[in-house]
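Below is target_32.cif, holding mmCIF, C-alpha atoms.
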data_work
loop_
_atom_site.group_PDB
_atom_site.id
_atom_site.type_symbol
_atom_site.label_atom_id
_atom_site.label_comp_id
_atom_site.auth_asym_id
_atom_site.auth_seq_id
_atom_site.Cartn_x
_atom_site.Cartn_y
_atom_site.Cartn_z
ATOM 1 C CA SER A 287 -4.271 15.360 21.131
ATOM 2 C CA LEU A 288 -4.726 16.195 24.826
ATOM 3 C CA ALA A 289 -7.173 18.962 23.934
ATOM 4 C CA ALA A 290 -9.300 16.493 21.983
ATOM 5 C CA LEU A 291 -9.068 13.988 24.824
ATOM 6 C CA PHE A 292 -10.222 16.443 27.473
ATOM 7 C CA ASN A 293 -13.024 17.695 25.210
ATOM 8 C CA GLN A 294 -14.603 14.253 24.991
ATOM 9 C CA LYS A 295 -18.348 13.902 25.567
ATOM 10 C CA LEU A 296 -17.896 11.238 28.215
ATOM 11 C CA PRO A 297 -20.584 8.783 29.325
ATOM 12 C CA PRO A 298 -21.970 9.282 32.856
ATOM 13 C CA ASN A 299 -19.643 8.196 35.686
ATOM 14 C CA VAL A 300 -16.570 8.037 33.428
ATOM 15 C CA ILE A 301 -13.566 9.876 34.876
ATOM 16 C CA LEU A 302 -10.238 10.125 33.050
ATOM 17 C CA SER A 303 -6.811 9.801 34.647
ATOM 18 C CA VAL A 304 -4.157 10.549 32.027
ATOM 19 C CA TYR A 305 -0.617 9.151 32.036
ATOM 20 C CA LEU A 306 1.753 10.729 29.527
ATOM 21 C CA VAL A 307 5.339 9.647 28.825
ATOM 22 C CA ASP A 308 7.727 12.387 27.705
ATOM 23 C CA ASP A 309 10.561 10.295 26.286
ATOM 24 C CA GLY A 310 13.359 12.837 26.415
ATOM 25 C CA SER A 311 11.746 15.513 24.232
ATOM 26 C CA THR A 312 13.614 18.802 23.742
ATOM 27 C CA ASP A 313 10.688 21.072 22.846
ATOM 28 C CA ASN A 314 9.368 21.861 26.349
ATOM 29 C CA THR A 315 6.571 19.319 26.073
ATOM 30 C CA SER A 316 6.540 18.598 29.816
ATOM 31 C CA GLU A 317 6.472 22.272 30.777
ATOM 32 C CA VAL A 318 3.575 23.071 28.442
ATOM 33 C CA VAL A 319 1.600 20.031 29.608
ATOM 34 C CA LYS A 320 2.143 20.967 33.257
ATOM 35 C CA GLU A 321 0.849 24.463 32.547
ATOM 36 C CA LYS A 322 -2.186 23.572 30.419
ATOM 37 C CA TYR A 323 -3.099 20.157 31.835
ATOM 38 C CA PRO A 324 -1.855 20.007 35.429
ATOM 39 C CA ALA A 325 -3.905 16.871 36.183
ATOM 40 C CA VAL A 326 -1.870 14.782 33.708
ATOM 41 C CA HIS A 327 0.542 12.310 35.323
ATOM 42 C CA LEU A 328 3.846 13.052 33.564
ATOM 43 C CA LEU A 329 6.411 10.256 33.279
ATOM 44 C CA GLN A 330 9.934 10.898 32.043
ATOM 45 C CA GLY A 331 12.035 8.759 29.699
ATOM 46 C CA ASN A 332 15.588 9.167 28.408
ATOM 47 C CA GLY A 333 14.738 9.050 24.699
ATOM 48 C CA SER A 334 15.219 5.315 24.223
ATOM 49 C CA LEU A 335 11.717 4.025 24.963
ATOM 50 C CA PHE A 336 10.162 4.305 21.473
ATOM 51 C CA TRP A 337 6.470 3.354 21.091
ATOM 52 C CA ASN A 338 6.329 0.040 22.909
ATOM 53 C CA GLY A 339 8.588 1.126 25.743
ATOM 54 C CA GLY A 340 6.748 4.397 26.267
ATOM 55 C CA MET A 341 3.307 2.829 26.145
ATOM 56 C CA ARG A 342 4.455 0.025 28.418
ATOM 57 C CA ARG A 343 5.662 2.599 30.966
ATOM 58 C CA ALA A 344 2.362 4.510 30.905
ATOM 59 C CA PHE A 345 0.298 1.312 30.960
ATOM 60 C CA GLY A 346 2.269 0.017 33.934
ATOM 61 C CA GLU A 347 1.541 3.170 35.925
ATOM 62 C CA ALA A 348 -2.129 2.947 35.021
ATOM 63 C CA ILE A 349 -2.285 -0.747 35.999
ATOM 64 C CA ALA A 350 -0.952 0.144 39.450
ATOM 65 C CA SER A 351 -3.984 2.381 40.014
ATOM 66 C CA ASP A 352 -6.363 -0.515 39.115
ATOM 67 C CA PRO A 353 -9.088 1.328 37.148
ATOM 68 C CA GLU A 354 -12.052 -0.388 35.511
ATOM 69 C CA PHE A 355 -10.726 0.348 31.996
ATOM 70 C CA TYR A 356 -7.518 1.361 30.264
ATOM 71 C CA LEU A 357 -7.322 3.458 27.109
ATOM 72 C CA TRP A 358 -4.236 3.454 24.910
ATOM 73 C CA LEU A 359 -3.954 6.676 22.916
ATOM 74 C CA ASN A 360 -1.188 7.786 20.553
ATOM 75 C CA ASP A 361 -0.231 11.452 20.764
ATOM 76 C CA ASP A 362 -0.669 11.889 16.985
ATOM 77 C CA THR A 363 -4.273 10.664 17.147
ATOM 78 C CA MET A 364 -6.878 13.457 17.186
ATOM 79 C CA LEU A 365 -10.117 12.094 18.581
ATOM 80 C CA TYR A 366 -13.605 13.036 17.492
ATOM 81 C CA PRO A 367 -15.700 14.325 20.453
ATOM 82 C CA ASP A 368 -17.728 11.101 20.737
ATOM 83 C CA ALA A 369 -14.800 8.646 20.392
ATOM 84 C CA ILE A 370 -14.698 7.365 23.970
ATOM 85 C CA ALA A 371 -18.505 7.314 24.262
ATOM 86 C CA LYS A 372 -18.642 5.256 21.063
ATOM 87 C CA ALA A 373 -16.057 2.824 22.408
ATOM 88 C CA PHE A 374 -18.027 2.324 25.637
ATOM 89 C CA SER A 375 -21.274 1.960 23.713
ATOM 90 C CA THR A 376 -19.659 -0.734 21.564
ATOM 91 C CA TYR A 377 -18.346 -2.478 24.666
ATOM 92 C CA GLN A 378 -21.775 -2.417 26.299
ATOM 93 C CA SER A 379 -23.483 -3.822 23.209
ATOM 94 C CA LEU A 380 -21.001 -6.698 23.184
ATOM 95 C CA GLN A 381 -21.629 -7.345 26.889
ATOM 96 C CA GLU A 382 -25.332 -7.653 26.118
ATOM 97 C CA ARG A 383 -24.411 -10.271 23.504
ATOM 98 C CA GLU A 384 -22.355 -12.067 26.192
ATOM 99 C CA GLU A 385 -19.046 -11.235 24.514
ATOM 100 C CA LEU A 386 -17.739 -10.590 27.994
ATOM 101 C CA LEU A 387 -13.972 -10.419 27.394
ATOM 102 C CA SER A 388 -13.796 -7.781 24.695
ATOM 103 C CA VAL A 389 -11.071 -5.315 23.756
ATOM 104 C CA ILE A 390 -12.353 -2.357 21.731
ATOM 105 C CA VAL A 391 -10.237 -0.843 18.945
ATOM 106 C CA GLY A 392 -10.942 2.460 17.228
ATOM 107 C CA SER A 393 -10.096 3.049 13.567
ATOM 108 C CA THR A 394 -8.480 6.292 12.424
ATOM 109 C CA CYS A 395 -8.468 7.972 9.036
ATOM 110 C CA ASP A 396 -6.133 10.333 7.226
ATOM 111 C CA PRO A 397 -7.063 13.965 8.007
ATOM 112 C CA ASP A 398 -6.813 14.943 4.329
ATOM 113 C CA THR A 399 -8.009 11.913 2.357
ATOM 114 C CA ASN A 400 -10.238 10.180 4.948
ATOM 115 C CA ALA A 401 -8.562 6.887 4.041
ATOM 116 C CA LEU A 402 -8.223 4.219 6.735
ATOM 117 C CA THR A 403 -4.824 4.481 8.461
ATOM 118 C CA TYR A 404 -4.869 2.468 11.707
ATOM 119 C CA GLY A 405 -7.253 0.181 13.584
ATOM 120 C CA GLY A 406 -8.204 -3.473 13.779
ATOM 121 C CA MET A 407 -6.306 -6.038 11.718
ATOM 122 C CA VAL A 408 -7.188 -9.411 10.220
ATOM 123 C CA GLN A 409 -4.987 -12.187 8.879
ATOM 124 C CA LYS A 410 -4.359 -11.483 5.196
ATOM 125 C CA ASN A 411 -3.733 -15.053 4.001
ATOM 126 C CA TRP A 412 -4.770 -18.357 5.564
ATOM 127 C CA TRP A 413 -1.297 -19.766 4.988
ATOM 128 C CA HIS A 414 0.675 -16.862 6.548
ATOM 129 C CA PRO A 415 -0.134 -16.453 10.262
ATOM 130 C CA LEU A 416 2.000 -13.316 10.652
ATOM 131 C CA LYS A 417 0.716 -11.211 7.776
ATOM 132 C CA PHE A 418 -2.144 -8.830 8.602
ATOM 133 C CA GLN A 419 -4.159 -6.115 6.896
ATOM 134 C CA LEU A 420 -6.413 -3.364 8.208
ATOM 135 C CA LEU A 421 -10.124 -4.074 8.580
ATOM 136 C CA GLN A 422 -12.343 -1.372 7.090
ATOM 137 C CA PRO A 423 -14.863 -0.228 9.727
ATOM 138 C CA ASN A 424 -18.563 -0.289 8.924
ATOM 139 C CA GLU A 425 -21.790 0.370 10.828
ATOM 140 C CA GLU A 426 -21.487 -2.641 13.147
ATOM 141 C CA PRO A 427 -18.821 -3.915 15.559
ATOM 142 C CA GLN A 428 -16.510 -6.384 13.815
ATOM 143 C CA SER A 429 -14.213 -8.957 15.378
ATOM 144 C CA CYS A 430 -10.610 -9.018 14.202
ATOM 145 C CA HIS A 431 -7.389 -10.872 14.937
ATOM 146 C CA THR A 432 -5.270 -8.046 16.358
ATOM 147 C CA MET A 433 -4.761 -4.285 16.257
ATOM 148 C CA ASN A 434 -2.712 -1.135 16.001
ATOM 149 C CA GLY A 435 -2.322 0.564 19.370
ATOM 150 C CA ASN A 436 -3.509 4.079 18.461
ATOM 151 C CA PHE A 437 -6.847 3.855 20.300
ATOM 152 C CA VAL A 438 -7.581 0.749 22.354
ATOM 153 C CA LEU A 439 -10.052 0.319 25.228
ATOM 154 C CA ILE A 440 -9.069 -2.555 27.544
ATOM 155 C CA PRO A 441 -11.282 -3.729 30.433
ATOM 156 C CA ARG A 442 -9.727 -4.543 33.791
ATOM 157 C CA GLU A 443 -10.192 -8.331 33.431
ATOM 158 C CA ILE A 444 -8.254 -8.391 30.155
ATOM 159 C CA GLY A 445 -5.542 -6.276 31.764
ATOM 160 C CA LYS A 446 -5.235 -8.842 34.546
ATOM 161 C CA ARG A 447 -5.141 -11.818 32.169
ATOM 162 C CA VAL A 448 -2.801 -10.433 29.526
ATOM 163 C CA GLY A 449 -0.762 -8.012 31.598
ATOM 164 C CA ASN A 450 1.378 -5.247 30.147
ATOM 165 C CA LEU A 451 2.986 -4.933 26.730
ATOM 166 C CA ASP A 452 5.921 -7.304 26.259
ATOM 167 C CA PRO A 453 9.347 -5.739 27.027
ATOM 168 C CA ASN A 454 10.900 -7.904 24.290
ATOM 169 C CA PHE A 455 9.624 -5.321 21.796
ATOM 170 C CA VAL A 456 11.044 -1.806 21.535
ATOM 171 C CA HIS A 457 8.991 0.071 18.954
ATOM 172 C CA SER A 458 6.479 -1.666 16.705
ATOM 173 C CA THR A 459 5.023 -5.209 16.942
ATOM 174 C CA GLY A 460 4.160 -4.877 20.641
ATOM 175 C CA ASP A 461 0.573 -3.809 19.935
ATOM 176 C CA ILE A 462 0.059 -6.584 17.371
ATOM 177 C CA ASP A 463 1.489 -9.094 19.843
ATOM 178 C CA TYR A 464 -0.841 -7.810 22.558
ATOM 179 C CA GLY A 465 -3.923 -8.231 20.383
ATOM 180 C CA LEU A 466 -2.950 -11.821 19.593
ATOM 181 C CA ARG A 467 -2.316 -12.523 23.275
ATOM 182 C CA VAL A 468 -5.807 -11.236 24.087
ATOM 183 C CA LYS A 469 -7.221 -14.060 21.991
ATOM 184 C CA GLN A 470 -4.818 -16.582 23.526
ATOM 185 C CA ASN A 471 -6.201 -15.597 26.930
ATOM 186 C CA GLY A 472 -9.840 -16.112 26.006
ATOM 187 C CA GLY A 473 -10.734 -12.613 24.814
ATOM 188 C CA LEU A 474 -11.688 -11.077 21.481
ATOM 189 C CA VAL A 475 -10.704 -7.850 19.731
ATOM 190 C CA TRP A 476 -13.514 -5.762 18.231
ATOM 191 C CA VAL A 477 -13.486 -2.765 15.915
ATOM 192 C CA VAL A 478 -15.731 0.200 16.747
ATOM 193 C CA PRO A 479 -18.238 1.166 14.018
ATOM 194 C CA GLY A 480 -16.966 4.089 11.954
ATOM 195 C CA TYR A 481 -13.926 6.199 12.835
ATOM 196 C CA VAL A 482 -12.902 7.538 16.237
ATOM 197 C CA GLY A 483 -10.552 10.232 14.929
ATOM 198 C CA THR A 484 -7.772 11.127 12.528
ATOM 199 C CA CYS A 485 -4.147 10.037 12.366
ATOM 200 C CA ALA A 486 -1.805 10.362 9.416
ATOM 201 C CA VAL A 487 0.327 7.360 8.466
ATOM 202 C CA ASN A 488 3.863 7.536 9.834
ATOM 203 C CA SER A 489 6.423 8.265 7.141
ATOM 204 C CA LEU A 490 8.966 5.552 6.313
ATOM 205 C CA ALA A 491 11.356 8.020 4.717
ATOM 206 C CA GLY A 492 15.003 7.678 5.603
ATOM 207 C CA ASP A 493 14.945 5.757 8.867
ATOM 208 C CA CYS A 494 13.116 2.505 8.224
ATOM 209 C CA TRP A 495 14.096 -0.754 6.576
ATOM 210 C CA ALA A 496 10.800 -0.715 4.654
ATOM 211 C CA ASP A 497 11.478 2.650 2.986
ATOM 212 C CA PRO A 498 11.312 1.904 -0.770
ATOM 213 C CA THR A 499 13.364 5.010 -1.591
ATOM 214 C CA LEU A 500 16.458 3.562 0.092
ATOM 215 C CA LYS A 501 18.860 1.280 -1.693
ATOM 216 C CA VAL A 502 18.448 -2.350 -0.701
ATOM 217 C CA TRP A 503 21.791 -2.573 1.106
ATOM 218 C CA GLU A 504 20.847 0.539 3.086
ATOM 219 C CA ARG A 505 17.671 -1.240 4.079
ATOM 220 C CA VAL A 506 19.707 -4.267 5.160
ATOM 221 C CA LYS A 507 21.675 -1.975 7.485
ATOM 222 C CA GLN A 508 18.424 -0.556 8.906
ATOM 223 C CA VAL A 509 16.691 -3.867 9.540
ATOM 224 C CA ASN A 510 18.088 -4.442 13.043
ATOM 225 C CA GLN A 511 17.417 -0.874 14.257
ATOM 226 C CA ALA A 512 14.583 -0.116 16.680
ATOM 227 C CA LYS A 513 12.273 1.003 13.864
ATOM 228 C CA GLY A 514 13.300 -1.887 11.617
ATOM 229 C CA LEU A 515 12.577 -5.576 12.103
ATOM 230 C CA PRO A 516 15.100 -6.577 14.803
ATOM 231 C CA VAL A 517 16.047 -10.226 14.504
ATOM 232 C CA GLY A 518 15.565 -11.044 18.193
ATOM 233 C CA GLU A 519 12.208 -9.298 18.480
ATOM 234 C CA TRP A 520 10.852 -10.894 15.326
ATOM 235 C CA LYS A 521 11.990 -14.307 16.603
ATOM 236 C CA VAL A 522 9.976 -13.833 19.806
ATOM 237 C CA PHE A 523 6.919 -12.795 17.803
ATOM 238 C CA ALA A 524 7.189 -15.619 15.251
ATOM 239 C CA ARG A 525 7.850 -18.285 17.855
ATOM 240 C CA ARG A 526 4.842 -17.142 19.880
ATOM 241 C CA HIS A 527 2.302 -16.769 17.067
ATOM 242 C CA ALA A 528 3.339 -18.753 13.970
ATOM 243 C CA GLY A 529 2.961 -22.317 15.206
ATOM 244 C CA ALA A 530 5.225 -25.286 14.517
ATOM 245 C CA PHE A 531 6.667 -23.752 11.351
ATOM 246 C CA TRP A 532 7.651 -20.501 13.066
ATOM 247 C CA PRO A 533 11.328 -20.651 11.886
ATOM 248 C CA VAL A 534 10.116 -20.404 8.284
ATOM 249 C CA TYR A 535 7.980 -17.333 8.932
ATOM 250 C CA TRP A 536 10.713 -15.785 11.078
ATOM 251 C CA PHE A 537 13.315 -16.140 8.332
ATOM 252 C CA LEU A 538 11.080 -15.186 5.384
ATOM 253 C CA PRO A 539 11.302 -11.345 5.514
ATOM 254 C CA TYR A 540 15.088 -11.455 5.857
ATOM 255 C CA LEU A 541 15.360 -13.902 2.964
ATOM 256 C CA ARG A 542 13.301 -11.574 0.781
ATOM 257 C CA LEU A 543 15.498 -8.650 1.710
ATOM 258 C CA VAL A 544 18.725 -10.536 0.918
ATOM 259 C CA LEU A 545 17.313 -11.815 -2.377
ATOM 260 C CA ALA A 546 16.306 -8.269 -3.285
ATOM 261 C CA ALA A 547 19.875 -7.145 -2.648
ATOM 262 C CA ILE A 548 21.326 -9.987 -4.716
ATOM 263 C CA LEU A 549 18.913 -9.376 -7.583
ATOM 264 C CA GLY A 550 19.573 -5.648 -7.660
ATOM 265 C CA GLY A 551 16.411 -4.524 -5.890
ATOM 266 C CA LYS A 552 13.962 -6.222 -8.250
ATOM 267 C CA MET A 553 12.074 -7.651 -5.303
ATOM 268 C CA SER A 554 12.284 -4.572 -3.091
ATOM 269 C CA SER A 555 8.634 -3.631 -3.513
ATOM 270 C CA ASN A 556 7.555 -7.081 -2.332
ATOM 271 C CA ILE A 557 9.258 -6.995 1.045
ATOM 272 C CA ASN A 558 6.901 -7.271 3.965
ATOM 273 C CA ARG A 559 6.416 -9.391 7.019
#

Transcribe the structure of this file into structure tokens.
Amino acid sequence: SLAALFNQKLPPNVILSVYLVDDGSTDNTSEVVKEKYPAVHLLQGNGSLFWNGGMRRAFGEAIASDPEFYLWLNDDTMLYPDAIAKAFSTYQSLQEREELLSVIVGSTCDPDTNALTYGGMVQKNWWHPLKFQLLQPNEEPQSCHTMNGNFVLIPREIGKRVGNLDPNFVHSTGDIDYGLRVKQNGGLVWVVPGYVGTCAVNSLAGDCWADPTLKVWERVKQVNQAKGLPVGEWKVFARRHAGAFWPVYWFLPYLRLVLAAILGGKMSSNINR
């Protein structure tokens, strides 16, 4: 991922400063990065940061340096050589259309099937404010409601208005929350035309409440883990983004899970947020 990042065909006057969080890895990641990419700012964690905590730590360090733009990048995302140039080109075209407060999201595809894996997200149903689906990229920039955090270009003004990722979230949901807060603060989220790189979908096997191969009661046990749907985190998210009826939308996924357990798993395939 770092190799692809440093091999980018950058626009003129664009200089990268890279902040990388090593969250307690045991495979000599820090040592190898120091040797091959000595300019990278290495930040250490104790293994408990997960995605939101790690990205929040890196983002906070980057905010302190006050650059013109921030770029979120997941370490399992392999960028095409023109990814960053395409993101800046999209941003500039939106500026010319007077879409001044714009966050730019890049879509990724599976390296084997080319199917869409992560990117911009739109509300799936008008009646469910917390259910989203991926937006298929096309040849033009498209506005969306929120985003996955794999590749996100954030201008300084948005960074000042929205701030960092919310510490209420540990692993997932923080990026979706951030995208929604961009809109609450007067900005818009836009999807780059085409794909910016590849990223395989994270496996749910064995350690996630949404893993369909687990028995329902095993999924109940997993739900409050960091990679599950922790009750407190989901309450913060629902209360912030679901309007006056937020308790209903907060309780709904847990109700479905309990009903699936009671009914012997017959509803297990229908459990989602």

Which residues, written as a PDB file with C-alpha atoms, in the coordinates of the input, have at least one atom at most 12 Å from A:Glu426, with only C-alpha atoms counted and residues fewer than 4 positions away on the same chain left out?
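Resulting contents of result_11.pdb:
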ATOM      1  CA  LYS A 372     -18.642   5.256  21.063  1.00  0.00           C
ATOM      2  CA  SER A 375     -21.274   1.960  23.713  1.00  0.00           C
ATOM      3  CA  THR A 376     -19.659  -0.734  21.564  1.00  0.00           C
ATOM      4  CA  TYR A 377     -18.346  -2.478  24.666  1.00  0.00           C
ATOM      5  CA  SER A 379     -23.483  -3.822  23.209  1.00  0.00           C
ATOM      6  CA  LEU A 380     -21.001  -6.698  23.184  1.00  0.00           C
ATOM      7  CA  GLN A 422     -12.343  -1.372   7.090  1.00  0.00           C
ATOM      8  CA  TRP A 476     -13.514  -5.762  18.231  1.00  0.00           C
ATOM      9  CA  VAL A 477     -13.486  -2.765  15.915  1.00  0.00           C
ATOM     10  CA  VAL A 478     -15.731   0.200  16.747  1.00  0.00           C
ATOM     11  CA  PRO A 479     -18.238   1.166  14.018  1.00  0.00           C
ATOM     12  CA  GLY A 480     -16.966   4.089  11.954  1.00  0.00           C
ATOM     13  CA  TYR A 481     -13.926   6.199  12.835  1.00  0.00           C
TER      14      TYR A 481
END

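Proximity of A:Asn424, A:Asn338, A:Thr399, A:Ser311 to A:Leu451, computed with all atoms listed in the file, is greatest for A:Asn338.
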
Report summary line: Using all atoms listed in the file, the residue out of A:Ala348, A:Leu291, A:Leu386, A:Val544 with shortest distance to A:Val509 is A:Val544

Requested in this report: Name the residues in contact with A:Phe292 at a cut-off of 9 Å, using only C-alpha atoms, excluding same-chain residues fewer than 4 positions from it; report them as a ChimeraX atom specification.
Outcome: /A:287-288,302

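Restricting the calculation to all atoms listed in the file, the smallest distance between A:Asp452 and any of A:Cys430, A:Glu519, A:Glu317, A:Pro297 is found for A:Glu519.
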
Query raised in the report: Hey, which of A:Asn434, A:Thr484, A:Gln330, A:Gln409 ends up closest to A:Asp463? Count only C-alpha atoms.
Result: A:Asn434

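You will find atom CA of A:Lys507 at 21.0 Å from atom CA of A:Phe523.
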
Requested in this report: Please measure the separation of atom CA of A:Gly518 and atom CA of A:Asn436, giving the value in Å to one decimal.
Outcome: 24.3 Å

Query raised in the report: Please, what distance in Å, to one decimal, runs between atom CA of A:Cys395 and atom CA of A:Ile462?
Result: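 Taking atom CA of A:Cys395 as the start and atom CA of A:Ile462 as the end point, the length is 18.8 Å.
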
Query raised in the report: A:Pro367: which residues within 9 Å, counting all atoms listed in the file, same-chain residues fewer than 5 positions away excluded, as a PyMOL selection string?
Result: chain A and resi 290-291+293-296+482-483

Go ahead and write the residues just picked, C-alpha atoms, as a PDB file, in the frame of the given file.
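The resulting file, result18.pdb, is shown below:
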ATOM      1  CA  ALA A 290      -9.300  16.493  21.983  1.00  0.00           C
ATOM      2  CA  LEU A 291      -9.068  13.988  24.824  1.00  0.00           C
ATOM      3  CA  ASN A 293     -13.024  17.695  25.210  1.00  0.00           C
ATOM      4  CA  GLN A 294     -14.603  14.253  24.991  1.00  0.00           C
ATOM      5  CA  LYS A 295     -18.348  13.902  25.567  1.00  0.00           C
ATOM      6  CA  LEU A 296     -17.896  11.238  28.215  1.00  0.00           C
ATOM      7  CA  VAL A 482     -12.902   7.538  16.237  1.00  0.00           C
ATOM      8  CA  GLY A 483     -10.552  10.232  14.929  1.00  0.00           C
TER       9      GLY A 483
END

Report task. Go through A:Val475, A:Leu416, A:Ala486, A:Gln470 and flag the residue nearest A:Pro539, using all atoms listed in the file for the distances. Result ->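 Of the candidates, the smallest distance to A:Pro539 is held by A:Leu416.
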
Query raised in the report: Once the PyMOL selection byres ((chain A and resi 441) around 7) has been applied to the shown file, what residues remain in the selection, as an NGL selection string?
Result: :A and (354-356 or 389 or 439-440 or 442-445)

Pull C-alpha atoms from the residues just selected and write them as a short mmCIF file (atom, residue, chain, number, x, y, z; two decimals), in the frame of the given file.
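Final output, part.cif:
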data_model
loop_
_atom_site.label_atom_id
_atom_site.label_comp_id
_atom_site.auth_asym_id
_atom_site.auth_seq_id
_atom_site.Cartn_x
_atom_site.Cartn_y
_atom_site.Cartn_z
CA GLU A 354 -12.05 -0.39 35.51
CA PHE A 355 -10.73 0.35 32.00
CA TYR A 356 -7.52 1.36 30.26
CA VAL A 389 -11.07 -5.32 23.76
CA LEU A 439 -10.05 0.32 25.23
CA ILE A 440 -9.07 -2.56 27.54
CA ARG A 442 -9.73 -4.54 33.79
CA GLU A 443 -10.19 -8.33 33.43
CA ILE A 444 -8.25 -8.39 30.16
CA GLY A 445 -5.54 -6.28 31.76
#

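Among the candidate residues A:Leu466, A:Arg447, A:Val456, A:Asn471, the one lying nearest to A:Leu515 is A:Val456, with distances computed using only C-alpha atoms.
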
Query raised in the report: Could you write out as number ranges by chain the residues that the PyMOL selection byres ((chain A and resi 331) around 12) matches in the shown file?
Result: A: 306-312, 316, 328-330, 332-337, 339-344

**Report entry** Residue IDs satisfying the PyMOL selection byres ((chain A and resi 517) around 12), as a list in words
**Finding:**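 On the file shown, the PyMOL selection byres ((chain A and resi 517) around 12) covers Asn454, Phe455, Val506, Gln508, Val509, Asn510, Gln511, Ala512, Lys513, Gly514, Leu515, Pro516, Gly518, Glu519, Trp520, Lys521, Val522, Phe523, Ala524, Arg525, Pro533, Trp536, Phe537, Leu538, Pro539 and Tyr540 of chain A.
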
Would you give the centre and edge lengths, in Å to one decimal, of a box along x, y and z around the listed atoms of stretch 429-433 of chain A, with 6 Å added to each side, as AutoDock Vina command-line options?
--center_x -9.5 --center_y -7.6 --center_z 15.3 --size_x 21.5 --size_y 18.6 --size_z 14.2

Requested in this report: Identify the residues within 10 Å of coordinate (-9.4, 8.0, 14.7) (same frame as the file), considering all atoms listed in the file, and give the answer as a list in words.
Outcome: Leu359, Asp362, Thr363, Met364, Leu365, Tyr366, Ala369, Val391, Gly392, Ser393, Thr394, Cys395, Asp396, Pro397, Leu402, Thr403, Tyr404, Gly405, Asn436, Phe437, Gly480, Tyr481, Val482, Gly483, Thr484, Cys485 and Ala486 of chain A

Include C-alpha atoms and write out the residues we just selected as a PDB file, keeping the file's coordinate frame.
ATOM      1  CA  LEU A 359      -3.954   6.676  22.916  1.00  0.00           C
ATOM      2  CA  ASP A 362      -0.669  11.889  16.985  1.00  0.00           C
ATOM      3  CA  THR A 363      -4.273  10.664  17.147  1.00  0.00           C
ATOM      4  CA  MET A 364      -6.878  13.457  17.186  1.00  0.00           C
ATOM      5  CA  LEU A 365     -10.117  12.094  18.581  1.00  0.00           C
ATOM      6  CA  TYR A 366     -13.605  13.036  17.492  1.00  0.00           C
ATOM      7  CA  ALA A 369     -14.800   8.646  20.392  1.00  0.00           C
ATOM      8  CA  VAL A 391     -10.237  -0.843  18.945  1.00  0.00           C
ATOM      9  CA  GLY A 392     -10.942   2.460  17.228  1.00  0.00           C
ATOM     10  CA  SER A 393     -10.096   3.049  13.567  1.00  0.00           C
ATOM     11  CA  THR A 394      -8.480   6.292  12.424  1.00  0.00           C
ATOM     12  CA  CYS A 395      -8.468   7.972   9.036  1.00  0.00           C
ATOM     13  CA  ASP A 396      -6.133  10.333   7.226  1.00  0.00           C
ATOM     14  CA  PRO A 397      -7.063  13.965   8.007  1.00  0.00           C
ATOM     15  CA  LEU A 402      -8.223   4.219   6.735  1.00  0.00           C
ATOM     16  CA  THR A 403      -4.824   4.481   8.461  1.00  0.00           C
ATOM     17  CA  TYR A 404      -4.869   2.468  11.707  1.00  0.00           C
ATOM     18  CA  GLY A 405      -7.253   0.181  13.584  1.00  0.00           C
ATOM     19  CA  ASN A 436      -3.509   4.079  18.461  1.00  0.00           C
ATOM     20  CA  PHE A 437      -6.847   3.855  20.300  1.00  0.00           C
ATOM     21  CA  GLY A 480     -16.966   4.089  11.954  1.00  0.00           C
ATOM     22  CA  TYR A 481     -13.926   6.199  12.835  1.00  0.00           C
ATOM     23  CA  VAL A 482     -12.902   7.538  16.237  1.00  0.00           C
ATOM     24  CA  GLY A 483     -10.552  10.232  14.929  1.00  0.00           C
ATOM     25  CA  THR A 484      -7.772  11.127  12.528  1.00  0.00           C
ATOM     26  CA  CYS A 485      -4.147  10.037  12.366  1.00  0.00           C
ATOM     27  CA  ALA A 486      -1.805  10.362   9.416  1.00  0.00           C
TER      28      ALA A 486
END

Requested in this report: Show which residues sit within 7 Å of A:Leu421, as a PyMOL selection string. Count only C-alpha atoms, and ignore same-chain residues fewer than 5 positions away.
Outcome: chain A and resi 406-408

Quick one: stretch 523-530 of chain A with N, CA and C atoms, as a short mmCIF file (atom, residue, chain, number, x, y, z; two decimals), in the frame of the given file?
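Below is the file part11.cif, written as the result:
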data_model
loop_
_atom_site.label_atom_id
_atom_site.label_comp_id
_atom_site.auth_asym_id
_atom_site.auth_seq_id
_atom_site.Cartn_x
_atom_site.Cartn_y
_atom_site.Cartn_z
N PHE A 523 8.27 -12.91 18.37
CA PHE A 523 6.92 -12.80 17.80
C PHE A 523 6.56 -14.03 16.98
N ALA A 524 7.45 -14.46 16.11
CA ALA A 524 7.19 -15.62 15.25
C ALA A 524 7.03 -16.90 16.07
N ARG A 525 7.90 -17.08 17.03
CA ARG A 525 7.85 -18.28 17.86
C ARG A 525 6.55 -18.35 18.64
N ARG A 526 6.06 -17.20 19.06
CA ARG A 526 4.84 -17.14 19.88
C ARG A 526 3.57 -17.32 19.06
N HIS A 527 3.57 -16.86 17.80
CA HIS A 527 2.30 -16.77 17.07
C HIS A 527 2.25 -17.52 15.74
N ALA A 528 3.34 -18.13 15.30
CA ALA A 528 3.34 -18.75 13.97
C ALA A 528 3.26 -20.27 13.99
N GLY A 529 3.14 -20.88 15.15
CA GLY A 529 2.96 -22.32 15.21
C GLY A 529 4.25 -23.09 14.99
N ALA A 530 4.09 -24.37 14.63
CA ALA A 530 5.22 -25.29 14.52
C ALA A 530 6.23 -24.86 13.46
#
